[in-house]
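Okay, so here's the structure we're looking at.
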Amino acid sequence: MSAWLEVKNLDVSFKLGEGGLLRQSQGTIHALSDINFGLEKGQTVGLIGESGSGKSTLGRAILHLVRPTAGSVHFDGTDLTSLAERQMRPFRQQMQMVFQDPFDSMNARMTVGQIIMEPLLLQRLGTTRSRRERAAMLLERMGLDRLAMNRYPGQYSGGQRQRIAIARALTTQPQLLVLDEPTSGLDVSMQARILNLLQDLQREMGLSYVFISHDLGAVSYLAQNIVVLYLGRIVEIAPTARLVNSPAHPYTASLLDALPPMVRQAETPHLPPPTGEPPSPVNPPSGCAFHTRCPQAEPICAAERPALRAVADGQQVACHFPLVSVNGTPSYAAP
Ligand SMILES: Nc1ncnc2c1ncn2[C@@H]1O[C@H](COP(=O)(O)OP(=O)(O)OP(=O)(O)O)[C@@H](O)[C@H]1O
């Protein structure tokens, strides 16, 4: 049975040398290869990985903002990838994106009210009065004063601007939000407040989230399932508790190193964080792309790409030597 949101065999490539910043370079960036996962209504899936692993591209491909090279995205039974932009319009209302630095995506000369009402205007929804009323109501729900309607985003702190961005994303009453690093750049207490707000809104409105972050701690707070990406491929996918307590891929175990001890259990393996920069996605390493940085790589890892395979209920890993055996039992010695 298909999930409410289903990503199937998704590939996204960018050709270099066709203009823009990258016109000096040649080749193809395989930003995403063979991505498969599902999300149920009212739930959160986390996308985690280092910079350049393909998280934002995946979020954008789900929202039909990037055209996949192959594969499909199904939303509530409809294959979005087969739709022309005009047919996509009713779905745009259902799905919105919240960006990392909302100030970058806000026009500093527009008032907060205009910013929040803009999606309604663009989609020609409501009347002037109903748009204003909805924007003011959402501002209040975000813990901001209605007076903010006539002020400018520059008058607000990072955390307040993130609340304004969330209010804007909610104006069209979407069912799905793609949250792209919504807490990065905020201090720890503000991060916690935004995460709590997102959790409350999810319960109240039945929202579904695709939560993109390089911070496993933030993702594990909201997500029921986590997808770990490395150089455009899924290396592990698992229910959150399983991933955090029994990671199967050495790369996942190295991301756990950054988790506070109260989130990670004492006996959970956590390898040192990967050293150096990830390899280039234009010319990725042979076999398992992580083998060049993996502390336990064997010759087969450079020769053959491991397929994603199930090791426990809901847990799949692409590794020749997973840290758990096929029945999900940890196969590592406690430190
Ligand atoms: N429009 C584009 N044209 C060419 N290459 C792109 C484009 N968008 C993304 N890429 C490349 O695709 C790869 C994945 O990028 P993406 O931004 O999805 O990664 P990310 O995991 O979200 O990283 P970050 O955390 O830094 O945002 C990178 O190598 C990036 O340079």
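Convention: chains lettered A, B, ... in structure tokens order; per-chain residue numbering from 1; ligands numbered from 1 as shown.
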
Discussion item. As a PyMOL selection string, please: every protein or nucleic acid residue near ligand 1 (cut-off 9 Å, counting only C-alpha atoms and all ligand atoms).
Written reply: chain A and resi 12-16+20-22+28-32+47-60+66+180-181+212-214+229-232+280-282

Worksheet item: Among range 188-317 of chain A, which residues carry a DSSP assignment of strand (DSSP E or B), reported as a ChimeraX atom specification?
Response: /A:208-213,225-230,233-239,309-312,315-317

Same residues, N, CA and C atoms, saved as a tab-separated table (two decimals), in the first residue's frame:
chain	number	residue	atom	x	y	z
A	208	SER	N	1.74	17.49	8.09
A	208	SER	CA	2.83	16.53	7.87
A	208	SER	C	4.08	17.35	7.55
A	209	TYR	N	5.22	16.90	8.05
A	209	TYR	CA	6.46	17.64	7.83
A	209	TYR	C	7.52	16.78	7.15
A	210	VAL	N	8.23	17.39	6.21
A	210	VAL	CA	9.52	16.86	5.76
A	210	VAL	C	10.54	17.80	6.40
A	211	PHE	N	11.28	17.30	7.37
A	211	PHE	CA	12.16	18.15	8.20
A	211	PHE	C	13.60	17.92	7.77
A	212	ILE	N	14.19	18.94	7.15
A	212	ILE	CA	15.55	18.85	6.62
A	212	ILE	C	16.51	19.49	7.61
A	213	SER	N	17.56	18.78	7.98
A	213	SER	CA	18.53	19.38	8.89
A	213	SER	C	19.84	18.60	8.86
A	225	ASN	N	10.39	8.94	11.52
A	225	ASN	CA	11.34	8.19	10.69
A	225	ASN	C	12.41	9.13	10.17
A	226	ILE	N	13.62	8.61	10.00
A	226	ILE	CA	14.73	9.45	9.52
A	226	ILE	C	15.39	8.79	8.31
A	227	VAL	N	15.65	9.62	7.30
A	227	VAL	CA	16.36	9.19	6.09
A	227	VAL	C	17.74	9.82	6.15
A	228	VAL	N	18.79	8.99	6.08
A	228	VAL	CA	20.16	9.51	6.11
A	228	VAL	C	20.70	9.51	4.69
A	229	LEU	N	21.11	10.71	4.22
A	229	LEU	CA	21.61	10.83	2.85
A	229	LEU	C	23.13	11.03	2.86
A	230	TYR	N	23.81	10.38	1.92
A	230	TYR	CA	25.23	10.63	1.73
A	230	TYR	C	25.48	10.74	0.24
A	233	ARG	N	22.56	9.68	-2.04
A	233	ARG	CA	21.92	8.36	-1.91
A	233	ARG	C	21.49	8.11	-0.47
A	234	ILE	N	20.44	7.31	-0.32
A	234	ILE	CA	20.04	6.90	1.04
A	234	ILE	C	21.03	5.83	1.51
A	235	VAL	N	21.68	6.10	2.65
A	235	VAL	CA	22.55	5.06	3.21
A	235	VAL	C	21.84	4.34	4.36
A	236	GLU	N	20.87	5.01	4.98
A	236	GLU	CA	20.10	4.33	6.03
A	236	GLU	C	18.75	5.01	6.16
A	237	ILE	N	17.74	4.22	6.49
A	237	ILE	CA	16.41	4.76	6.77
A	237	ILE	C	15.84	3.91	7.90
A	238	ALA	N	15.31	4.57	8.94
A	238	ALA	CA	14.85	3.80	10.10
A	238	ALA	C	13.93	4.64	10.97
A	239	PRO	N	13.09	3.97	11.78
A	239	PRO	CA	12.35	4.71	12.81
A	239	PRO	C	13.35	5.43	13.72
A	309	ARG	N	19.21	-2.66	2.10
A	309	ARG	CA	18.52	-3.91	2.49
A	309	ARG	C	18.01	-3.79	3.91
A	310	ALA	N	16.94	-4.53	4.19
A	310	ALA	CA	16.32	-4.47	5.52
A	310	ALA	C	17.17	-5.24	6.52
A	311	VAL	N	17.40	-4.62	7.70
A	311	VAL	CA	18.10	-5.33	8.77
A	311	VAL	C	17.20	-5.49	10.00
A	312	ALA	N	16.18	-4.68	10.11
A	312	ALA	CA	15.23	-4.80	11.22
A	312	ALA	C	13.93	-4.18	10.76
A	315	GLN	N	13.97	-0.70	9.34
A	315	GLN	CA	15.35	-0.21	9.22
A	315	GLN	C	16.03	-0.83	8.01
A	316	GLN	N	16.49	0.05	7.10
A	316	GLN	CA	17.22	-0.43	5.92
A	316	GLN	C	18.57	0.25	5.88
A	317	VAL	N	19.56	-0.45	5.39
A	317	VAL	CA	20.91	0.11	5.35
A	317	VAL	C	21.61	-0.31	4.06

Can you build me a table of range 187-241 of chain A residues sitting at most 10 Å from range 144-166 of chain A, with the closest atom pair per residue and its distance in Å to one decimal, using only C-alpha atoms, sorted by chain and residue number, as a tab-separated table?
residue	atom	partner	partner_atom	distance
A:Asp187	CA	A:Gly159	CA	8.6
A:Ser189	CA	A:Gly159	CA	9.9
A:Met190	CA	A:Gly159	CA	6.1
A:Gln191	CA	A:Gly159	CA	7.9
A:Arg193	CA	A:Gly159	CA	8.7
A:Ile194	CA	A:Gly159	CA	7.5
A:Leu197	CA	A:Arg163	CA	8.8
A:Leu198	CA	A:Ile166	CA	8.7
A:Leu201	CA	A:Ile166	CA	9.9

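Put simply, CA of Asn107 in chain A is 19.2 Å away from CA of Leu138 in chain A.
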
Worksheet entry | DSSP helix (DSSP H, G or I) selection over range 133-284 of chain A, as JSON, numbers by chain | {"A": [133, 134, 135, 136, 137, 138, 139, 140, 141, 146, 147, 148, 149, 150, 153, 154, 155, 158, 159, 160, 161, 162, 163, 164, 165, 166, 167, 168, 169, 170, 188, 189, 190, 191, 192, 193, 194, 195, 196, 197, 198, 199, 200, 201, 202, 203, 204, 205, 216, 217, 218, 219, 220, 221, 222, 240, 241, 242, 243, 244, 245, 250, 251, 252, 253, 254, 255, 256]}

Worksheet item: Looking at A:Val178, A:Leu216, A:Met1, A:Leu222, which one is nearest to Ala258 in chain A, with distances taken over only C-alpha atoms?
Response: A:Leu216

Item to complete: Write out as an NGL selection string each polymer residue whose atoms come within 12 Å of Pro330 in chain A, counting only C-alpha atoms; drop sequence neighbours fewer than 3 positions from it.
Response: :A and (242-243 or 245-249 or 267-269 or 311-312 or 321-327 or 333-334)

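We find CA of Arg131 in chain A and CA of Ala84 in chain A to be spaced 27.7 Å apart.
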
Skipping near chain neighbours, those fewer than 5 positions away, what residues fall within 8 Å of Asp257 in chain A using only C-alpha atoms, listed as a PDB file with C-alpha atoms, in the first residue's frame?
ATOM      1  CA  HIS A 270      29.187   6.457  17.784  1.00  0.00           C
ATOM      2  CA  LEU A 271      32.141   6.672  15.515  1.00  0.00           C
ATOM      3  CA  PRO A 272      34.187   9.875  15.304  1.00  0.00           C
ATOM      4  CA  PRO A 273      32.671  12.490  12.967  1.00  0.00           C
TER       5      PRO A 273
END

Any idea what's packed within 7 Å of Pro68 in chain A, counting only C-alpha atoms, ignoring anything in its chain fewer than 5 positions away? Could you give it as a short mmCIF file (atom, residue, chain, number, x, y, z; two decimals) with C-alpha atoms, in the first residue's frame?
data_model
loop_
_atom_site.label_atom_id
_atom_site.label_comp_id
_atom_site.auth_asym_id
_atom_site.auth_seq_id
_atom_site.Cartn_x
_atom_site.Cartn_y
_atom_site.Cartn_z
CA LEU A 10 13.75 9.52 -7.63
CA ASP A 11 16.84 10.80 -9.48
CA VAL A 12 17.80 14.46 -9.89
CA ALA A 61 11.74 17.93 -5.82
#

Discussion item. If we count only C-alpha atoms and set the cut-off at 10 Å, which residues sit around Ile300 in chain A, ignoring sequence neighbours fewer than 6 positions away in its own chain? Please answer as a ChimeraX atom specification.
Written reply: /A:287-288,291,306,320

Keeping only C-alpha atoms, write the selected residues to a file as an mmCIF file, in the first residue's frame.
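The result, written out as out-v3.cif:
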data_model
loop_
_atom_site.group_PDB
_atom_site.id
_atom_site.type_symbol
_atom_site.label_atom_id
_atom_site.label_comp_id
_atom_site.auth_asym_id
_atom_site.auth_seq_id
_atom_site.Cartn_x
_atom_site.Cartn_y
_atom_site.Cartn_z
ATOM 1 C CA GLY A 287 31.409 1.276 -4.777
ATOM 2 C CA CYS A 288 30.089 2.686 -1.514
ATOM 3 C CA HIS A 291 34.334 4.135 1.685
ATOM 4 C CA PRO A 306 25.953 -2.077 -1.432
ATOM 5 C CA HIS A 320 28.519 -4.309 3.295
#
